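Okay, data-v9.pdb now, which holds PDB, C-alpha atoms and all ligand atoms:
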```pdb
MODEL        1
ATOM      1  CA  MET V 763       0.000   0.000   0.000  1.00  0.00           C
ATOM      2  CA  ASP V 764       1.280   3.396  -0.934  1.00  0.00           C
ATOM      3  CA  LYS V 765       1.084   5.333   2.294  1.00  0.00           C
ATOM      4  CA  LYS V 766       1.442   8.687   0.640  1.00  0.00           C
ATOM      5  CA  ARG V 767      -1.309   8.148  -1.869  1.00  0.00           C
ATOM      6  CA  ASP V 768      -3.973   6.275   0.024  1.00  0.00           C
ATOM      7  CA  CYS V 769      -6.364   7.971   2.338  1.00  0.00           C
ATOM      8  CA  TRP V 770      -6.175   6.970   5.947  1.00  0.00           C
ATOM      9  CA  GLU V 771      -9.814   6.811   6.778  1.00  0.00           C
ATOM     10  CA  TRP V 772     -10.667   7.598  10.345  1.00  0.00           C
ATOM     11  CA  THR V 773     -12.640   4.726  11.796  1.00  0.00           C
ATOM     12  CA  GLY V 774     -13.645   6.409  15.050  1.00  0.00           C
ATOM     13  CA  SER V 775     -16.555   8.739  15.563  1.00  0.00           C
ATOM     14  CA  ILE V 776     -17.482  11.273  12.921  1.00  0.00           C
ATOM     15  CA  SER V 777     -18.648  14.803  13.576  1.00  0.00           C
ATOM     16  CA  GLN V 778     -21.840  16.178  12.097  1.00  0.00           C
ATOM     17  CA  HIS V 779     -19.704  17.871   9.445  1.00  0.00           C
ATOM     18  CA  GLY V 780     -18.244  14.547   8.370  1.00  0.00           C
ATOM     19  CA  TYR V 781     -14.831  14.987   9.940  1.00  0.00           C
ATOM     20  CA  GLY V 782     -13.143  12.335  12.040  1.00  0.00           C
ATOM     21  CA  ARG V 783     -13.325  13.201  15.686  1.00  0.00           C
ATOM     22  CA  LEU V 784     -11.641  12.053  18.824  1.00  0.00           C
ATOM     23  CA  THR V 785     -12.071  12.772  22.490  1.00  0.00           C
ATOM     24  CA  ILE V 786      -9.059  13.630  24.556  1.00  0.00           C
ATOM     25  CA  SER V 787      -9.091  13.442  28.310  1.00  0.00           C
ATOM     26  CA  ASN V 788      -7.101  16.154  29.976  1.00  0.00           C
ATOM     27  CA  ASN V 789      -7.111  16.119  33.787  1.00  0.00           C
ATOM     28  CA  GLY V 790     -10.612  14.755  33.797  1.00  0.00           C
ATOM     29  CA  HIS V 791     -11.811  17.338  31.246  1.00  0.00           C
ATOM     30  CA  LYS V 792     -12.987  15.830  28.021  1.00  0.00           C
ATOM     31  CA  LYS V 793     -12.235  17.688  24.875  1.00  0.00           C
ATOM     32  CA  THR V 794     -13.328  16.832  21.355  1.00  0.00           C
ATOM     33  CA  ARG V 795     -10.815  17.442  18.607  1.00  0.00           C
ATOM     34  CA  SER V 796     -10.757  16.923  14.873  1.00  0.00           C
ATOM     35  CA  ALA V 797      -8.820  13.796  14.047  1.00  0.00           C
ATOM     36  CA  HIS V 798      -7.156  15.322  10.987  1.00  0.00           C
ATOM     37  CA  ARG V 799      -5.913  18.308  13.008  1.00  0.00           C
ATOM     38  CA  VAL V 800      -4.419  16.010  15.624  1.00  0.00           C
ATOM     39  CA  SER V 801      -2.810  13.973  12.852  1.00  0.00           C
ATOM     40  CA  TYR V 802      -1.325  17.091  11.274  1.00  0.00           C
ATOM     41  CA  GLU V 803       0.061  18.252  14.618  1.00  0.00           C
ATOM     42  CA  THR V 804       1.517  14.839  15.288  1.00  0.00           C
ATOM     43  CA  PHE V 805       3.151  14.192  11.915  1.00  0.00           C
ATOM     44  CA  VAL V 806       3.760  17.651  10.500  1.00  0.00           C
ATOM     45  CA  GLY V 807       3.828  20.179  13.295  1.00  0.00           C
ATOM     46  CA  GLU V 808       1.889  22.869  15.036  1.00  0.00           C
ATOM     47  CA  ILE V 809      -0.923  24.499  13.083  1.00  0.00           C
ATOM     48  CA  PRO V 810      -0.134  28.214  12.831  1.00  0.00           C
ATOM     49  CA  ASP V 811      -2.655  30.624  14.322  1.00  0.00           C
ATOM     50  CA  GLY V 812      -5.540  31.460  12.051  1.00  0.00           C
ATOM     51  CA  LEU V 813      -4.911  28.565   9.711  1.00  0.00           C
ATOM     52  CA  THR V 814      -7.224  25.698   9.109  1.00  0.00           C
ATOM     53  CA  ILE V 815      -6.413  22.237   7.797  1.00  0.00           C
ATOM     54  CA  ASP V 816      -7.603  21.521   4.308  1.00  0.00           C
ATOM     55  CA  HIS V 817      -7.973  18.080   2.788  1.00  0.00           C
ATOM     56  CA  LEU V 818      -6.224  17.955  -0.569  1.00  0.00           C
ATOM     57  CA  CYS V 819      -8.014  14.666  -1.220  1.00  0.00           C
ATOM     58  CA  ARG V 820     -11.406  16.178  -0.248  1.00  0.00           C
ATOM     59  CA  ASN V 821     -12.038  13.154   1.955  1.00  0.00           C
ATOM     60  CA  ARG V 822     -13.054  14.612   5.288  1.00  0.00           C
ATOM     61  CA  LYS V 823     -12.505  11.344   7.085  1.00  0.00           C
ATOM     62  CA  CYS V 824      -8.927  11.144   5.870  1.00  0.00           C
ATOM     63  CA  ILE V 825      -6.143  11.763   8.394  1.00  0.00           C
ATOM     64  CA  ASN V 826      -3.185  11.068   6.106  1.00  0.00           C
ATOM     65  CA  PRO V 827      -0.787  13.952   6.835  1.00  0.00           C
ATOM     66  CA  SER V 828       0.406  14.005   3.211  1.00  0.00           C
ATOM     67  CA  HIS V 829      -3.145  14.839   2.189  1.00  0.00           C
ATOM     68  CA  LEU V 830      -3.438  17.660   4.708  1.00  0.00           C
ATOM     69  CA  GLU V 831      -2.388  21.212   4.175  1.00  0.00           C
ATOM     70  CA  ALA V 832      -2.561  24.226   6.467  1.00  0.00           C
ATOM     71  CA  VAL V 833      -4.337  27.013   4.598  1.00  0.00           C
ATOM     72  CA  THR V 834      -5.970  30.280   5.541  1.00  0.00           C
ATOM     73  CA  ILE V 835      -9.664  29.959   6.225  1.00  0.00           C
ATOM     74  CA  LYS V 836     -10.466  32.024   3.142  1.00  0.00           C
ATOM     75  CA  GLU V 837      -8.559  29.639   0.877  1.00  0.00           C
ATOM     76  CA  ASN V 838     -10.305  26.662   2.343  1.00  0.00           C
ATOM     77  CA  VAL V 839     -13.725  28.186   1.868  1.00  0.00           C
ATOM     78  CA  SER V 840     -13.046  29.184  -1.699  1.00  0.00           C
ATOM     79  CA  ARG V 841     -12.015  25.636  -2.555  1.00  0.00           C
ATOM     80  CA  GLY V 842     -15.201  24.143  -1.249  1.00  0.00           C
ATOM     81  CA  ASN V 843     -17.790  26.799  -2.085  1.00  0.00           C
ATOM     82  CA  PRO V 844     -18.706  28.642  -5.208  1.00  0.00           C
ATOM     83  CA  LEU V 845     -17.601  32.235  -5.016  1.00  0.00           C
ATOM     84  CA  TRP V 846     -21.062  33.724  -5.116  1.00  0.00           C
ATOM     85  CA  LYS V 847     -22.111  31.780  -2.037  1.00  0.00           C
ATOM     86  CA  GLN V 848     -19.294  33.246  -0.004  1.00  0.00           C
ATOM     87  CA  GLU V 849     -20.100  36.600  -1.476  1.00  0.00           C
ATOM     88  CA  ALA V 850     -23.728  36.378  -0.401  1.00  0.00           C
ATOM     89  CA  ALA V 851     -22.718  35.563   3.159  1.00  0.00           C
ATOM     90  CA  ARG V 852     -20.592  38.659   3.574  1.00  0.00           C
ATOM     91  CA  THR V 853     -22.005  41.630   5.442  1.00  0.00           C
ATOM     92  CA  HIS V 854     -18.971  43.861   5.060  1.00  0.00           C
ATOM     93  CA  CYS V 855     -16.385  44.382   2.381  1.00  0.00           C
ATOM     94  CA  LYS V 856     -12.786  43.428   2.957  1.00  0.00           C
ATOM     95  CA  TYR V 857     -12.112  46.880   4.329  1.00  0.00           C
ATOM     96  CA  GLY V 858     -14.970  46.857   6.793  1.00  0.00           C
ATOM     97  CA  HIS V 859     -17.523  48.979   4.894  1.00  0.00           C
ATOM     98  CA  GLU V 860     -20.952  47.638   5.536  1.00  0.00           C
ATOM     99  CA  PHE V 861     -22.954  46.321   2.594  1.00  0.00           C
ATOM    100  CA  THR V 862     -26.034  48.469   2.892  1.00  0.00           C
ATOM    101  CA  GLU V 863     -28.467  49.107   0.058  1.00  0.00           C
ATOM    102  CA  ASP V 864     -26.734  52.431  -0.506  1.00  0.00           C
ATOM    103  CA  ASN V 865     -23.243  51.105  -0.368  1.00  0.00           C
ATOM    104  CA  MET V 866     -23.226  48.307  -2.838  1.00  0.00           C
ATOM    105  CA  TYR V 867     -23.513  47.417  -6.446  1.00  0.00           C
ATOM    106  CA  LYS V 868     -25.526  44.280  -6.893  1.00  0.00           C
ATOM    107  CA  TYR V 869     -25.501  42.193  -9.971  1.00  0.00           C
ATOM    108  CA  LYS V 870     -26.301  38.692 -11.054  1.00  0.00           C
ATOM    109  CA  THR V 871     -23.626  36.209 -12.001  1.00  0.00           C
ATOM    110  CA  LYS V 872     -23.823  33.657 -14.760  1.00  0.00           C
ATOM    111  CA  THR V 873     -24.430  30.931 -12.183  1.00  0.00           C
ATOM    112  CA  GLY V 874     -27.454  32.697 -10.754  1.00  0.00           C
ATOM    113  CA  GLY V 875     -25.856  34.115  -7.644  1.00  0.00           C
ATOM    114  CA  VAL V 876     -25.883  37.713  -6.567  1.00  0.00           C
ATOM    115  CA  CYS V 877     -22.631  39.585  -6.293  1.00  0.00           C
ATOM    116  CA  ARG V 878     -21.996  42.773  -4.439  1.00  0.00           C
ATOM    117  CA  ASN V 879     -19.203  45.240  -4.678  1.00  0.00           C
ATOM    118  CA  CYS V 880     -18.540  47.935  -2.122  1.00  0.00           C
ATOM    119  CA  LYS V 881     -19.270  51.394  -3.509  1.00  0.00           C
ATOM    120  CA  THR V 882     -16.964  53.141  -1.087  1.00  0.00           C
ATOM    121  CA  CYS V 883     -14.045  51.006  -2.169  1.00  0.00           C
ATOM    122  CA  MET V 884     -14.891  51.175  -5.837  1.00  0.00           C
ATOM    123  CA  LYS V 885     -15.149  54.942  -5.766  1.00  0.00           C
ATOM    124  CA  ALA V 886     -11.833  55.237  -4.020  1.00  0.00           C
ATOM    125  CA  ARG V 887     -10.064  52.996  -6.444  1.00  0.00           C
ATOM    126  CA  THR V 888     -11.984  53.147  -9.669  1.00  0.00           C
ATOM    127  CA  ARG V 889      -8.958  53.067 -11.874  1.00  0.00           C
ATOM    128  CA  LYS V 890      -7.545  49.935 -10.301  1.00  0.00           C
ATOM    129  CA  ARG V 891     -10.861  48.256  -9.866  1.00  0.00           C
ATOM    130  CA  TYR V 892     -10.395  45.354 -12.219  1.00  0.00           C
ATOM    131  CA  THR V 893      -7.175  44.112 -10.702  1.00  0.00           C
ATOM    132  CA  LEU V 894      -8.448  44.773  -7.195  1.00  0.00           C
ATOM    133  CA  ALA V 895     -11.672  42.960  -7.836  1.00  0.00           C
ATOM    134  CA  LYS V 896      -9.634  39.989  -8.835  1.00  0.00           C
ATOM    135  CA  LEU V 897      -7.369  40.169  -5.818  1.00  0.00           C
ATOM    136  CA  GLU V 898     -10.219  40.485  -3.386  1.00  0.00           C
ATOM    137  CA  GLY V 899     -12.130  37.595  -4.821  1.00  0.00           C
ATOM    138  CA  MET V 900     -15.064  39.685  -5.917  1.00  0.00           C
ATOM    139  CA  CYS V 901     -17.124  38.347  -8.739  1.00  0.00           C
TER     140      CYS V 901
HETATM  141 ZN    ZN G1001      -6.746  11.493   1.873  1.00  0.00          ZN
HETATM  142 ZN    ZN G1002     -15.364  48.845   1.048  1.00  0.00          ZN
ENDMDL
END
```
Output the file's structure in the form of structure tokens.
Amino acid sequence: MDKKRDCWEWTGSISQHGYGRLTISNNGHKKTRSAHRVSYETFVGEIPDGLTIDHLCRNRKCINPSHLEAVTIKENVSRGNPLWKQEAARTHCKYGHEFTEDNMYKYKTKTGGVCRNCKTCMKARTRKRYTLAKLEGMC
């Protein structure tokens, strides 16, 4: 068996999100942790602050450290969700301007989602808007 290629499926309990889960007892306090995070910490190293562990194999039950990668939460979300869904969930732009009816441009995407751009930001940086829109993950 090729250890690097095959998924190591977690056979213990599974969380409601489909991730392997284990319970650790610490001085009588029980703590539930994600199995893949524990695996990463054991085989690879500490998970840096603010990073989440992404499954390169997309198998949530997998705890093979060669299939795990520490990524920023944003990266992880954009891999698993269509862009417009993330966009719809946002209440503020990247720079903290609230998406109010007056402060956004709304438009439909080809996939049927609704995209919003922050007017304040767009006004401030009209000339650079295309590159910025790309950088910020706007539709
Ligand atoms: Zn895997
Ligand atoms: Zn803004």
*Select the residues contacting ligand ZN 1001 (chain G) at a distance of at most 7 Å, based on only C-alpha atoms and all ligand atoms, then format the selection as a ChimeraX atom specification.*
/V:768-770,817-821,824-826,829
*Distance in Å - atom CA of V:Lys836 versus atom CA of V:Thr785*: 27.3 Å
_One number please: atom CA of V:Arg783 to atom CA of V:Glu771, in Å, one decimal._
11.5 Å
_Residues within 7 Å of stretch 855-871 of chain V, only C-alpha atoms, excluding chain neighbours under 4 positions, as number ranges by chain_ = V: 875-882
Could you please take those selected residues and save C-alpha atoms as an mmCIF file, in the coordinates of the input?
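Result went into part_22.cif, see below:
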```cif
data_model
loop_
_atom_site.group_PDB
_atom_site.id
_atom_site.type_symbol
_atom_site.label_atom_id
_atom_site.label_comp_id
_atom_site.auth_asym_id
_atom_site.auth_seq_id
_atom_site.Cartn_x
_atom_site.Cartn_y
_atom_site.Cartn_z
ATOM 1 C CA GLY V 875 -25.856 34.115 -7.644
ATOM 2 C CA VAL V 876 -25.883 37.713 -6.567
ATOM 3 C CA CYS V 877 -22.631 39.585 -6.293
ATOM 4 C CA ARG V 878 -21.996 42.773 -4.439
ATOM 5 C CA ASN V 879 -19.203 45.240 -4.678
ATOM 6 C CA CYS V 880 -18.540 47.935 -2.122
ATOM 7 C CA LYS V 881 -19.270 51.394 -3.509
ATOM 8 C CA THR V 882 -16.964 53.141 -1.087
#
```
Around all listed atoms of stretch 804-814 of chain V, padded 8 Å per side, what centre and edge lengths does the axis-aligned box have in Å to one decimal, as AutoDock Vina command-line options?
```
--center_x -1.7 --center_y 22.8 --center_z 12.2 --size_x 27.1 --size_y 33.3 --size_z 22.2
```
Output stretch 808-832 of chain V with N, CA and C atoms present, as a compact mmCIF listing (two decimals), keeping the file's coordinate frame.
```
# COMPACT_ATOMS: atom_id res chain seq x y z
N GLU V 808 2.94 22.02 14.51
CA GLU V 808 1.89 22.87 15.04
C GLU V 808 1.15 23.59 13.90
N ILE V 809 -0.14 23.76 14.08
CA ILE V 809 -0.92 24.50 13.08
C ILE V 809 -0.83 25.98 13.42
N PRO V 810 -0.28 26.79 12.53
CA PRO V 810 -0.13 28.21 12.83
C PRO V 810 -1.48 28.88 13.11
N ASP V 811 -1.44 29.89 13.96
CA ASP V 811 -2.66 30.62 14.32
C ASP V 811 -3.42 31.10 13.10
N GLY V 812 -4.72 30.93 13.13
CA GLY V 812 -5.54 31.46 12.05
C GLY V 812 -5.60 30.56 10.83
N LEU V 813 -4.86 29.47 10.86
CA LEU V 813 -4.91 28.56 9.71
C LEU V 813 -5.81 27.38 10.02
N THR V 814 -6.37 26.86 8.98
CA THR V 814 -7.22 25.70 9.11
C THR V 814 -6.62 24.57 8.26
N ILE V 815 -7.00 23.35 8.55
CA ILE V 815 -6.41 22.24 7.80
C ILE V 815 -7.35 21.84 6.68
N ASP V 816 -6.81 21.85 5.48
CA ASP V 816 -7.60 21.52 4.31
C ASP V 816 -7.23 20.12 3.83
N HIS V 817 -8.22 19.41 3.35
CA HIS V 817 -7.97 18.08 2.79
C HIS V 817 -7.72 18.21 1.30
N LEU V 818 -6.51 17.90 0.86
CA LEU V 818 -6.22 17.95 -0.57
C LEU V 818 -7.00 16.87 -1.30
N CYS V 819 -7.31 15.79 -0.60
CA CYS V 819 -8.01 14.67 -1.22
C CYS V 819 -9.53 14.83 -1.12
N ARG V 820 -9.98 15.88 -0.43
CA ARG V 820 -11.41 16.18 -0.25
C ARG V 820 -12.15 15.08 0.51
N ASN V 821 -11.42 14.20 1.15
CA ASN V 821 -12.04 13.15 1.96
C ASN V 821 -11.96 13.59 3.41
N ARG V 822 -13.07 14.02 3.96
CA ARG V 822 -13.05 14.61 5.29
C ARG V 822 -12.65 13.62 6.37
N LYS V 823 -12.84 12.36 6.09
CA LYS V 823 -12.50 11.34 7.08
C LYS V 823 -11.02 11.00 7.07
N CYS V 824 -10.33 11.51 6.05
CA CYS V 824 -8.93 11.14 5.87
C CYS V 824 -8.04 11.87 6.89
N ILE V 825 -7.08 11.13 7.47
CA ILE V 825 -6.14 11.76 8.39
C ILE V 825 -4.70 11.57 7.93
N ASN V 826 -4.53 11.23 6.66
CA ASN V 826 -3.18 11.07 6.11
C ASN V 826 -2.50 12.44 6.03
N PRO V 827 -1.41 12.62 6.81
CA PRO V 827 -0.79 13.95 6.84
C PRO V 827 -0.30 14.42 5.47
N SER V 828 -0.01 13.51 4.54
CA SER V 828 0.41 14.00 3.21
C SER V 828 -0.76 14.51 2.39
N HIS V 829 -1.97 14.29 2.88
CA HIS V 829 -3.14 14.84 2.19
C HIS V 829 -3.65 16.11 2.87
N LEU V 830 -2.96 16.51 3.94
CA LEU V 830 -3.44 17.66 4.71
C LEU V 830 -2.54 18.86 4.47
N GLU V 831 -3.16 20.01 4.41
CA GLU V 831 -2.39 21.21 4.18
C GLU V 831 -2.98 22.34 5.02
N ALA V 832 -2.09 23.08 5.69
CA ALA V 832 -2.56 24.23 6.47
C ALA V 832 -2.79 25.40 5.52
```
